[in-house]
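Let me begin by presenting the structure, written as structure tokens, before commenting on it.
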Amino acid sequence: MSSQSLKPRRSSTAIDPFATPAVYYGDHHDRKHARARTYSAVVETHAVDGRNTTSIAENAGFKGRRISHDEVSAQPRRFLVQVEPTLKTLLAREDSDNNYQITIDDKGPKVISLGTLGSNAHNKFDVRGTYMLSNLLQELTLAQDYGRKTIVLDEARLNENPVNRLTRLIQFSFWDGLTRRIDGTNIEKVGRDPKDWTDDPRPRIYVPKGAPEQIEYYQRIRDEHPEMRLDVVELPETWDDKYVRDLNEKPGLLAIAMEDWVDPVTKKRDLRGLPFVVPGGRFNELYGWDSYMESLGLLENDRPELVEAMVKHFIFCIRHYGKILNANRTYYLCRSQPPFLTDMTLRVYERIKHREDALDFLREAILAAIKEYYTVWMASPRLDKKTGLSRYRPGGIGVPPETEASHFEHVLTPYAQKHNMTFKEFVRAYNYQEVEEPELDAYFLHDRAVRESGHDTSYRLEKVAADLACVDVNALLYKYEVDIGRVIRNYFGDKLPLPKEFCGEGMTEGHVETSAVWERRARDRRKRVDKYLWDEEAGMYFDYNTALEQRTGYESATTFWPMWSGLATPRQANVLVTRALPKFEVFGGLVSGTEKSRGKVGLERPNRQWDYPYGWAPQQILAWVGLQRYGYEAEAQRLAYRWCFMVTKAFVDFNGVVVEKYDVTRLKDPHKVEAEYGNQGSDFKGLPREGFGWVNASYIYGMTLLSAHQKRALGALTTWDTFEQAMADLGML
């Protein structure tokens, strides 16, 4: 008998054990056929016997996670599971802290018996360990979502290699869970601002005057659905800080890009919101630099259409609001975020350049970036004329409205007492400039600047942010200058005229941009950064205080951003790697800042989330890319491994958790972050549905840096130090 004939026959009705939930637990055309051939009297299910014995994980070079006492089976094991009773038993036995998760903190027996499919559930098999039990909880929760009473569950879905599982969830579940559109189908929900603390909260959308088709569209939605109480407001062509402040009495959503669309049912043409990806599950707004970081993972997961749509949203924002917004809410009209548009655009263009409209997309995005460069970052108040460098310095009046005034109670109360006012009375009087408090003005100027930086909050920036020519923003603007010059030279014949719609204050319609000007700007910025931000003695870049005219000396992971953008010289890159990197590298990757620079923390001086000991995905990604740019592949791999190990370990031990930020010095439970706003992404029931945007992206992107051998070690939860020692022992380092 040939070896081929020994292979089990695969049923045509078999479902991939790693299929998406919609396929695995949803309805299937072949379900009745499958039941008739197997166990129709016992179970309502789509799955059947006759699986291929080689799992996807094994094909990828990974072995299943097997407990030592498990019996060896010639066939992949499959269970016949009653969803509700099994879920109830599992939680009662294993979820000792009653948070609807199964983690290493729970004190249960860490074992449950499931009946095998082949025996019609008479023979039992023990499922053991936190990881498999938490995966069982997740699968049962999914089955419940799809209304399933009884399921056939592949063991491969429970003992799946954790690297494969997390990668699969991000690609096929998390991104979809984070994808949003804004249009008439959901404006009632997303148009209602959760931070609307007025007496009459209602859905409200502000539409720019230059988008009449959207004004007409939302007015029609309002008229067709009066029960929504949708308020549609047309923004004026220009506004000032006082106008934006007054909008706080009626906060709302800012319209973003839409597309022409034909309803497949009615065949009528209409508008539909372009999709975008939000940072976390609780958000409904388009955020600035979160979107760039997410785009790196989306492109690796072959989702260029989503990234292209987000670039189009940013083009819309620059055209109509003058900048890429912190997010598209009215109280962000004066505030931007770290600029990444040119790099994001070029990455999309590389994926769509075969299309006829690709060059038009590139032209429009670069024109938008040029307008943003001139009118936001190289204009007052962000430009410091003496150094020629840029700062985070947004406009605004009063207390930042997206934060409840009570958040600043410790700051505002003494002033309220000074003026013999109640707290609420003083906040209103101050916001409307009925009282003058210059010290308070300075405090909130810096507070807004911290928020524009995306690093809210950090002792690096507190009470000084608006005066700092930061390393990060100037490294990013250098990348703008290089990218814009290269695009003009390589794609537009070294001449790019400025159309009216992309001309802001101080710009001239028809002016022709050339590459030489932009390349000269890049060279000039490098000289200025070297003069003001580079510290030869320390071997790293520091922010420069334009008011005090001195470098701050605060050690921040943003010191590696000039490597990402190519601003650093090869010699400076070498100095950063040899002298700065050891200060920031810890168990889980890069820490945001050093403990020395942060200083002592306690009740009177609490920790800030962008300081030691916390690490964030953007700092990791930009450092990896920067190290690769200068040829430090081994260092990039090591840092990526450390970060991805930490994320994987928390994912395995804590019910699939993927969160906004991590304590990168903490070995056991790095996702438990107590600073300031806590952590986003850990408060879920049963299973994670979105992860967190830029951490998802960092994991997907980080995997592209690792070798197959490193991925296998990561799947076996091998720490970097153990892996490195093993490689050294084998003479492979």
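Going through the structure tokens in order, the chains are called A, B, and so on, while each chain numbers its residues from 1 and the ligands are numbered from 1 in the order shown.
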
Find the spatial neighbours of range 559-562 of chain A, counting only C-alpha atoms, within a cut-off of 10 Å - ignore same-chain residues fewer than 2 positions away - and output them as a count of residues only.
44

Please give the complete set of residues from range 391-621 of chain A that DSSP, run on the backbone, assigns to helix (DSSP H, G or I), formatted as a PDB file with C-alpha atoms, in the first residue's frame.
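Contents of selection.pdb, as written:
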```pdb
ATOM      1  CA  ALA A 405     -12.692  70.236  34.917  1.00  0.00           C
ATOM      2  CA  SER A 406     -12.571  68.135  38.102  1.00  0.00           C
ATOM      3  CA  HIS A 407      -9.444  66.480  36.634  1.00  0.00           C
ATOM      4  CA  PHE A 408      -7.699  69.792  37.343  1.00  0.00           C
ATOM      5  CA  GLU A 409      -9.348  70.361  40.702  1.00  0.00           C
ATOM      6  CA  HIS A 410      -6.015  70.490  42.545  1.00  0.00           C
ATOM      7  CA  VAL A 411      -4.850  73.217  40.153  1.00  0.00           C
ATOM      8  CA  LEU A 412      -8.038  75.291  39.924  1.00  0.00           C
ATOM      9  CA  THR A 413      -9.371  75.195  43.491  1.00  0.00           C
ATOM     10  CA  PRO A 414      -6.864  77.716  44.940  1.00  0.00           C
ATOM     11  CA  TYR A 415      -7.821  80.185  42.198  1.00  0.00           C
ATOM     12  CA  ALA A 416     -11.532  79.687  42.858  1.00  0.00           C
ATOM     13  CA  GLN A 417     -10.921  80.429  46.529  1.00  0.00           C
ATOM     14  CA  LYS A 418      -8.846  83.487  45.635  1.00  0.00           C
ATOM     15  CA  PHE A 423     -15.330  75.727  41.585  1.00  0.00           C
ATOM     16  CA  LYS A 424     -17.891  75.675  38.749  1.00  0.00           C
ATOM     17  CA  GLU A 425     -18.268  79.457  38.762  1.00  0.00           C
ATOM     18  CA  PHE A 426     -14.532  79.982  38.510  1.00  0.00           C
ATOM     19  CA  VAL A 427     -14.079  77.511  35.656  1.00  0.00           C
ATOM     20  CA  ARG A 428     -16.675  79.352  33.587  1.00  0.00           C
ATOM     21  CA  ALA A 429     -15.312  82.779  34.477  1.00  0.00           C
ATOM     22  CA  TYR A 430     -11.790  81.693  33.597  1.00  0.00           C
ATOM     23  CA  ASN A 431     -12.809  80.034  30.322  1.00  0.00           C
ATOM     24  CA  PRO A 438      -1.457  84.467  33.591  1.00  0.00           C
ATOM     25  CA  GLU A 439       0.052  81.575  35.561  1.00  0.00           C
ATOM     26  CA  LEU A 440      -2.997  79.463  34.823  1.00  0.00           C
ATOM     27  CA  ASP A 441      -2.811  80.464  31.140  1.00  0.00           C
ATOM     28  CA  ALA A 442       0.772  79.180  31.019  1.00  0.00           C
ATOM     29  CA  TYR A 443      -0.195  75.970  32.782  1.00  0.00           C
ATOM     30  CA  PHE A 444      -2.911  75.137  30.235  1.00  0.00           C
ATOM     31  CA  LEU A 445      -0.786  76.251  27.286  1.00  0.00           C
ATOM     32  CA  HIS A 446       1.731  73.584  28.259  1.00  0.00           C
ATOM     33  CA  ASP A 447      -1.022  71.075  29.033  1.00  0.00           C
ATOM     34  CA  ARG A 448      -2.458  71.450  25.529  1.00  0.00           C
ATOM     35  CA  ALA A 449       1.031  71.103  24.069  1.00  0.00           C
ATOM     36  CA  VAL A 450       1.568  67.845  25.971  1.00  0.00           C
ATOM     37  CA  ARG A 451      -1.644  66.503  24.447  1.00  0.00           C
ATOM     38  CA  GLU A 452      -0.641  67.611  20.946  1.00  0.00           C
ATOM     39  CA  SER A 453       2.648  65.746  21.352  1.00  0.00           C
ATOM     40  CA  ALA A 465       5.979  71.443  26.648  1.00  0.00           C
ATOM     41  CA  ALA A 466       5.004  74.541  24.647  1.00  0.00           C
ATOM     42  CA  ASP A 467       8.530  75.954  25.012  1.00  0.00           C
ATOM     43  CA  VAL A 471      13.486  65.911  19.234  1.00  0.00           C
ATOM     44  CA  ASP A 472      10.449  63.986  17.987  1.00  0.00           C
ATOM     45  CA  VAL A 473       8.611  66.668  16.013  1.00  0.00           C
ATOM     46  CA  ASN A 474      11.791  67.990  14.394  1.00  0.00           C
ATOM     47  CA  ALA A 475      12.865  64.481  13.394  1.00  0.00           C
ATOM     48  CA  LEU A 476       9.447  63.996  11.798  1.00  0.00           C
ATOM     49  CA  LEU A 477       9.608  67.316   9.936  1.00  0.00           C
ATOM     50  CA  TYR A 478      13.022  66.377   8.561  1.00  0.00           C
ATOM     51  CA  LYS A 479      11.341  63.278   7.110  1.00  0.00           C
ATOM     52  CA  TYR A 480       8.644  65.529   5.589  1.00  0.00           C
ATOM     53  CA  GLU A 481      11.317  67.668   3.934  1.00  0.00           C
ATOM     54  CA  VAL A 482      13.222  64.693   2.529  1.00  0.00           C
ATOM     55  CA  ASP A 483      10.077  62.861   1.390  1.00  0.00           C
ATOM     56  CA  ILE A 484       8.480  65.899  -0.261  1.00  0.00           C
ATOM     57  CA  GLY A 485      11.682  66.759  -2.112  1.00  0.00           C
ATOM     58  CA  ARG A 486      12.112  63.181  -3.318  1.00  0.00           C
ATOM     59  CA  VAL A 487       8.501  62.885  -4.495  1.00  0.00           C
ATOM     60  CA  ILE A 488       8.613  66.194  -6.387  1.00  0.00           C
ATOM     61  CA  ARG A 489      11.843  65.162  -8.119  1.00  0.00           C
ATOM     62  CA  ASN A 490      10.997  61.517  -8.868  1.00  0.00           C
ATOM     63  CA  TYR A 491       7.273  61.671  -9.666  1.00  0.00           C
ATOM     64  CA  LYS A 500      -6.018  76.944  -4.362  1.00  0.00           C
ATOM     65  CA  GLU A 501      -7.542  74.218  -2.163  1.00  0.00           C
ATOM     66  CA  PHE A 502      -4.134  73.434  -0.692  1.00  0.00           C
ATOM     67  CA  SER A 515      12.978  69.472  -4.893  1.00  0.00           C
ATOM     68  CA  ALA A 516      16.023  71.701  -4.354  1.00  0.00           C
ATOM     69  CA  VAL A 517      14.162  73.911  -1.885  1.00  0.00           C
ATOM     70  CA  TRP A 518      13.002  70.970   0.197  1.00  0.00           C
ATOM     71  CA  GLU A 519      16.385  69.286   0.177  1.00  0.00           C
ATOM     72  CA  ARG A 520      17.945  72.542   1.344  1.00  0.00           C
ATOM     73  CA  ARG A 521      15.407  72.739   4.157  1.00  0.00           C
ATOM     74  CA  ALA A 522      16.318  69.214   5.261  1.00  0.00           C
ATOM     75  CA  ARG A 523      20.027  70.070   5.339  1.00  0.00           C
ATOM     76  CA  ASP A 524      19.299  73.236   7.284  1.00  0.00           C
ATOM     77  CA  ARG A 525      17.172  71.402   9.841  1.00  0.00           C
ATOM     78  CA  ARG A 526      19.919  68.832  10.382  1.00  0.00           C
ATOM     79  CA  LYS A 527      22.362  71.648  11.154  1.00  0.00           C
ATOM     80  CA  ARG A 528      19.941  73.244  13.597  1.00  0.00           C
ATOM     81  CA  VAL A 529      19.160  69.939  15.298  1.00  0.00           C
ATOM     82  CA  ASP A 530      22.873  69.232  15.646  1.00  0.00           C
ATOM     83  CA  LYS A 531      23.386  72.674  17.155  1.00  0.00           C
ATOM     84  CA  TYR A 532      20.475  72.740  19.582  1.00  0.00           C
ATOM     85  CA  ALA A 557      13.251  57.192  23.913  1.00  0.00           C
ATOM     86  CA  THR A 558      12.433  59.925  21.396  1.00  0.00           C
ATOM     87  CA  THR A 559      16.227  60.226  21.091  1.00  0.00           C
ATOM     88  CA  PHE A 560      15.973  57.350  18.562  1.00  0.00           C
ATOM     89  CA  TRP A 561      13.462  59.125  16.290  1.00  0.00           C
ATOM     90  CA  PRO A 562      16.244  60.852  14.291  1.00  0.00           C
ATOM     91  CA  MET A 563      17.398  57.354  13.319  1.00  0.00           C
ATOM     92  CA  TRP A 564      13.882  56.535  12.082  1.00  0.00           C
ATOM     93  CA  SER A 565      13.765  59.654   9.914  1.00  0.00           C
ATOM     94  CA  PRO A 570      26.001  57.250  10.684  1.00  0.00           C
ATOM     95  CA  ARG A 571      28.427  58.331  13.410  1.00  0.00           C
ATOM     96  CA  GLN A 572      25.606  59.708  15.578  1.00  0.00           C
ATOM     97  CA  ALA A 573      23.638  56.508  15.036  1.00  0.00           C
ATOM     98  CA  ASN A 574      26.613  54.485  16.252  1.00  0.00           C
ATOM     99  CA  VAL A 575      26.901  56.679  19.343  1.00  0.00           C
ATOM    100  CA  LEU A 576      23.173  56.286  20.047  1.00  0.00           C
ATOM    101  CA  VAL A 577      23.407  52.499  19.777  1.00  0.00           C
ATOM    102  CA  THR A 578      26.507  52.142  21.932  1.00  0.00           C
ATOM    103  CA  ARG A 579      25.813  54.786  24.564  1.00  0.00           C
ATOM    104  CA  ALA A 580      22.085  55.608  24.648  1.00  0.00           C
ATOM    105  CA  LEU A 581      20.479  52.252  23.878  1.00  0.00           C
ATOM    106  CA  PRO A 582      21.755  50.525  27.075  1.00  0.00           C
ATOM    107  CA  LYS A 583      19.986  53.184  29.137  1.00  0.00           C
ATOM    108  CA  PHE A 584      16.594  52.315  27.670  1.00  0.00           C
ATOM    109  CA  GLU A 595      14.310  56.292  35.895  1.00  0.00           C
ATOM    110  CA  LYS A 596      17.019  58.867  36.550  1.00  0.00           C
ATOM    111  CA  SER A 597      15.284  61.516  34.433  1.00  0.00           C
ATOM    112  CA  ARG A 598      11.828  60.741  35.774  1.00  0.00           C
ATOM    113  CA  ALA A 617       4.354  50.550  20.804  1.00  0.00           C
ATOM    114  CA  PRO A 618       5.292  53.726  18.853  1.00  0.00           C
ATOM    115  CA  GLN A 619       8.624  54.003  20.655  1.00  0.00           C
ATOM    116  CA  GLN A 620       9.394  50.362  19.856  1.00  0.00           C
ATOM    117  CA  ILE A 621       8.416  50.527  16.182  1.00  0.00           C
TER     118      ILE A 621
END
```

Shell around Ala358 in chain A at 7 Å using only C-alpha atoms, local window under 5 positions removed, as a CSV table (one decimal) with N, CA and C atoms, in the first residue's frame:
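New file around_20.csv:
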```
chain,number,residue,atom,x,y,z
A,349,TYR,N,1.3,54.3,-1.5
A,349,TYR,CA,1.6,54.4,-2.9
A,349,TYR,C,2.3,53.2,-3.4
A,352,ILE,N,-0.3,50.6,-4.2
A,352,ILE,CA,-1.3,50.9,-5.2
A,352,ILE,C,-0.8,51.5,-6.5
A,353,LYS,N,0.6,51.6,-6.7
A,353,LYS,CA,1.1,52.3,-7.8
A,353,LYS,C,0.8,51.7,-9.2
```

Env of range 250-260 of chain A: 6 Å cut, atoms = only C-alpha atoms, seq-sep filter 5 positions within chain, self excluded. Answer as a ChimeraX atom specification.
/A:191,204-207,270-274,313,316,328-330

Find, counting only C-alpha atoms, the residue in A:Phe125, A:Tyr146, A:Phe283, A:Phe654 that gets nearest to Arg180 in chain A.
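Ranked by minimum distance to Arg180 in chain A, first place goes to A:Phe283.
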
Contacts of range 605-612 of chain A within 9 Å, only C-alpha atoms, excl. fewer than 3 positions in-chain, as a ChimeraX atom specification:
/A:455-460,556,591-598,600-602,615-616,661,663-665,673-678

How would the residues just chosen look if you wrote them out with N, CA and C atoms as a tab-separated table (two decimals), in the first residue's frame?
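Ended up saving to selection31.tsv:
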```
chain	number	residue	atom	x	y	z
A	455	HIS	N	2.22	62.47	23.80
A	455	HIS	CA	2.88	61.88	24.97
A	455	HIS	C	2.23	62.42	26.26
A	456	ASP	N	0.92	62.30	26.31
A	456	ASP	CA	0.24	62.82	27.50
A	456	ASP	C	0.01	61.66	28.49
A	457	THR	N	0.71	61.74	29.61
A	457	THR	CA	1.55	62.83	30.08
A	457	THR	C	2.92	62.29	30.48
A	458	SER	N	3.87	63.25	30.72
A	458	SER	CA	5.24	62.88	31.05
A	458	SER	C	5.90	64.05	31.77
A	459	TYR	N	6.76	63.74	32.72
A	459	TYR	CA	7.52	64.80	33.37
A	459	TYR	C	8.53	65.43	32.42
A	460	ARG	N	8.80	64.79	31.30
A	460	ARG	CA	9.63	65.41	30.26
A	460	ARG	C	8.99	66.69	29.75
A	556	SER	N	14.92	60.52	27.00
A	556	SER	CA	13.67	59.98	26.45
A	556	SER	C	13.96	59.09	25.26
A	591	VAL	N	12.09	51.29	27.30
A	591	VAL	CA	11.30	52.07	28.24
A	591	VAL	C	11.23	53.50	27.72
A	592	SER	N	10.12	54.20	28.01
A	592	SER	CA	9.89	55.53	27.42
A	592	SER	C	10.92	56.56	27.86
A	593	GLY	N	11.38	56.45	29.09
A	593	GLY	CA	12.37	57.37	29.61
A	593	GLY	C	13.12	56.68	30.73
A	594	THR	N	14.23	57.25	31.15
A	594	THR	CA	15.01	56.60	32.19
A	594	THR	C	14.46	56.95	33.57
A	595	GLU	N	14.73	56.07	34.51
A	595	GLU	CA	14.31	56.29	35.89
A	595	GLU	C	15.01	57.52	36.47
A	596	LYS	N	16.25	57.71	36.08
A	596	LYS	CA	17.02	58.87	36.55
A	596	LYS	C	16.34	60.17	36.15
A	597	SER	N	15.92	60.28	34.90
A	597	SER	CA	15.28	61.52	34.43
A	597	SER	C	13.89	61.71	35.02
A	598	ARG	N	13.17	60.63	35.19
A	598	ARG	CA	11.83	60.74	35.77
A	598	ARG	C	11.88	61.28	37.19
A	600	LYS	N	12.04	60.71	41.54
A	600	LYS	CA	11.25	59.98	42.52
A	600	LYS	C	9.77	60.25	42.34
A	601	VAL	N	8.98	59.20	42.56
A	601	VAL	CA	7.52	59.35	42.48
A	601	VAL	C	6.92	58.87	43.79
A	602	GLY	N	5.74	59.39	44.09
A	602	GLY	CA	5.04	59.04	45.32
A	602	GLY	C	3.68	59.68	45.33
A	615	GLY	N	6.42	51.30	28.64
A	615	GLY	CA	6.84	51.26	27.24
A	615	GLY	C	5.63	51.27	26.33
A	616	TRP	N	5.78	51.91	25.19
A	616	TRP	CA	4.68	52.09	24.25
A	616	TRP	C	5.07	51.59	22.87
A	661	LYS	N	-0.56	49.97	26.63
A	661	LYS	CA	0.83	50.20	27.06
A	661	LYS	C	1.19	49.13	28.07
A	663	ASP	N	4.11	47.89	31.37
A	663	ASP	CA	5.26	48.12	32.25
A	663	ASP	C	6.35	47.18	31.76
A	664	VAL	N	7.30	47.71	31.00
A	664	VAL	CA	8.28	46.87	30.32
A	664	VAL	C	9.36	46.35	31.26
A	665	THR	N	9.31	46.74	32.51
A	665	THR	CA	10.26	46.20	33.50
A	665	THR	C	9.66	45.05	34.29
A	673	VAL	N	-1.05	48.35	34.55
A	673	VAL	CA	-0.50	49.70	34.64
A	673	VAL	C	-1.45	50.55	35.47
A	674	GLU	N	-0.93	51.12	36.53
A	674	GLU	CA	-1.76	51.89	37.45
A	674	GLU	C	-1.69	53.39	37.20
A	675	ALA	N	-0.74	53.85	36.41
A	675	ALA	CA	-0.53	55.29	36.24
A	675	ALA	C	-1.71	55.96	35.55
A	676	GLU	N	-2.09	57.11	36.05
A	676	GLU	CA	-3.05	58.02	35.45
A	676	GLU	C	-4.33	57.34	34.97
A	677	TYR	N	-4.43	57.13	33.64
A	677	TYR	CA	-5.69	56.68	33.06
A	677	TYR	C	-5.85	55.16	33.08
A	678	GLY	N	-4.98	54.45	33.80
A	678	GLY	CA	-5.07	53.00	33.80
A	678	GLY	C	-4.61	52.44	32.47
```

Just give me the gap between CA of Tyr24 in chain A and CA of Leu142 in chain A in Å, one decimal is fine.
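So the answer is 9.7 Å.
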
Find, counting only C-alpha atoms, the residue in A:Lys463, A:Leu687, A:Asp105, A:Leu296 that gets nearest to Thr704 in chain A.
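Smallest separation from Thr704 in chain A among the options: A:Leu296.
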
Can you list, as a PyMOL selection string, every protein, DNA or RNA residue that comes within 10 Å of Glu84 in chain A when you count only C-alpha atoms, leaving out same-chain residues fewer than 4 positions away?
chain A and resi 88-90+140-141+143-144+148-150

For those residues, write N, CA and C atoms to a file as an mmCIF file, in the first residue's frame.
```cif
data_model
loop_
_atom_site.group_PDB
_atom_site.id
_atom_site.type_symbol
_atom_site.label_atom_id
_atom_site.label_comp_id
_atom_site.auth_asym_id
_atom_site.auth_seq_id
_atom_site.Cartn_x
_atom_site.Cartn_y
_atom_site.Cartn_z
ATOM 1 N N LYS A 88 -20.768 27.631 31.944
ATOM 2 C CA LYS A 88 -21.134 27.845 33.347
ATOM 3 C C LYS A 88 -20.190 27.091 34.279
ATOM 4 N N THR A 89 -19.913 25.833 33.945
ATOM 5 C CA THR A 89 -19.010 25.021 34.771
ATOM 6 C C THR A 89 -17.600 25.594 34.764
ATOM 7 N N LEU A 90 -17.140 25.982 33.589
ATOM 8 C CA LEU A 90 -15.786 26.521 33.445
ATOM 9 C C LEU A 90 -15.595 27.762 34.310
ATOM 10 N N LEU A 140 -15.946 29.431 23.645
ATOM 11 C CA LEU A 140 -17.340 29.277 24.089
ATOM 12 C C LEU A 140 -18.082 30.608 24.026
ATOM 13 N N THR A 141 -17.389 31.689 24.351
ATOM 14 C CA THR A 141 -18.006 33.015 24.264
ATOM 15 C C THR A 141 -18.346 33.348 22.823
ATOM 16 N N ALA A 143 -18.924 31.125 20.415
ATOM 17 C CA ALA A 143 -20.031 30.250 20.028
ATOM 18 C C ALA A 143 -21.359 30.813 20.531
ATOM 19 N N GLN A 144 -21.326 31.351 21.739
ATOM 20 C CA GLN A 144 -22.522 31.972 22.322
ATOM 21 C C GLN A 144 -22.949 33.192 21.495
ATOM 22 N N ARG A 148 -24.923 29.481 19.134
ATOM 23 C CA ARG A 148 -24.756 28.040 19.080
ATOM 24 C C ARG A 148 -25.026 27.400 20.433
ATOM 25 N N LYS A 149 -25.738 26.314 20.434
ATOM 26 C CA LYS A 149 -26.034 25.567 21.661
ATOM 27 C C LYS A 149 -25.033 24.432 21.863
ATOM 28 N N THR A 150 -24.666 23.799 20.773
ATOM 29 C CA THR A 150 -23.727 22.685 20.802
ATOM 30 C C THR A 150 -22.733 22.878 19.670
#
```

Every residue of range 96-286 of chain A that DSSP places in strand (DSSP E or B), as a PyMOL selection string:
chain A and resi 103+111-116+124-128+150-154+179-180+204-208+231-235+253-254+258-262+269-273+276-277

Record the distance separating CA of Arg393 in chain A and CA of Glu237 in chain A, expressed in Å with one decimal.
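Between these atoms lies a distance of 22.4 Å.
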
Rounded to one decimal place, report the CA of Ser134 in chain A-CA of Val277 in chain A distance in Å.
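Interatomic distance here is 27.1 Å.
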
Across A:Tyr243, A:Trp643, A:Trp197, A:Trp175, the smallest distance to Gly281 in chain A, with only C-alpha atoms counted, is shown by A:Trp175

So that I can see what lies close to Pro499 in chain A, please list as a compact mmCIF listing (two decimals) with N, CA, C and O atoms, in the first residue's frame the residues with an atom at most 10 Å from it, counting only C-alpha atoms and leaving out residues fewer than 6 positions away in the same chain.
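Output saved as result_26.txt:
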```txt
# COMPACT_ATOMS: atom_id res chain seq x y z
N GLU A 364 -2.12 64.55 -4.34
CA GLU A 364 -3.02 65.21 -3.39
C GLU A 364 -2.50 65.11 -1.96
O GLU A 364 -2.56 66.07 -1.19
N LEU A 367 0.55 67.41 -1.55
CA LEU A 367 0.08 68.80 -1.48
C LEU A 367 -0.49 69.11 -0.10
O LEU A 367 -0.27 70.19 0.46
N THR A 508 0.86 80.96 -1.86
CA THR A 508 0.42 81.59 -3.10
C THR A 508 -0.05 80.54 -4.09
O THR A 508 0.70 79.62 -4.43
N GLU A 509 -1.29 80.70 -4.56
CA GLU A 509 -1.82 79.77 -5.57
C GLU A 509 -0.96 79.80 -6.82
O GLU A 509 -0.57 80.87 -7.30
N GLY A 510 -0.63 78.62 -7.32
CA GLY A 510 0.18 78.53 -8.52
C GLY A 510 1.67 78.50 -8.27
O GLY A 510 2.45 78.22 -9.19
N HIS A 511 2.10 78.78 -7.04
CA HIS A 511 3.53 78.70 -6.73
C HIS A 511 4.03 77.29 -7.02
O HIS A 511 3.38 76.30 -6.68
N VAL A 512 5.21 77.18 -7.63
CA VAL A 512 5.75 75.88 -8.03
C VAL A 512 6.80 75.44 -7.01
O VAL A 512 7.80 76.13 -6.80
```

Restricting the calculation to only C-alpha atoms: of A:His709, A:Gly210, A:Asp241, A:Arg363, which residue gets closest to Arg319 in chain A?
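That would be A:Gly210, the residue with the smallest distance to Arg319 in chain A.
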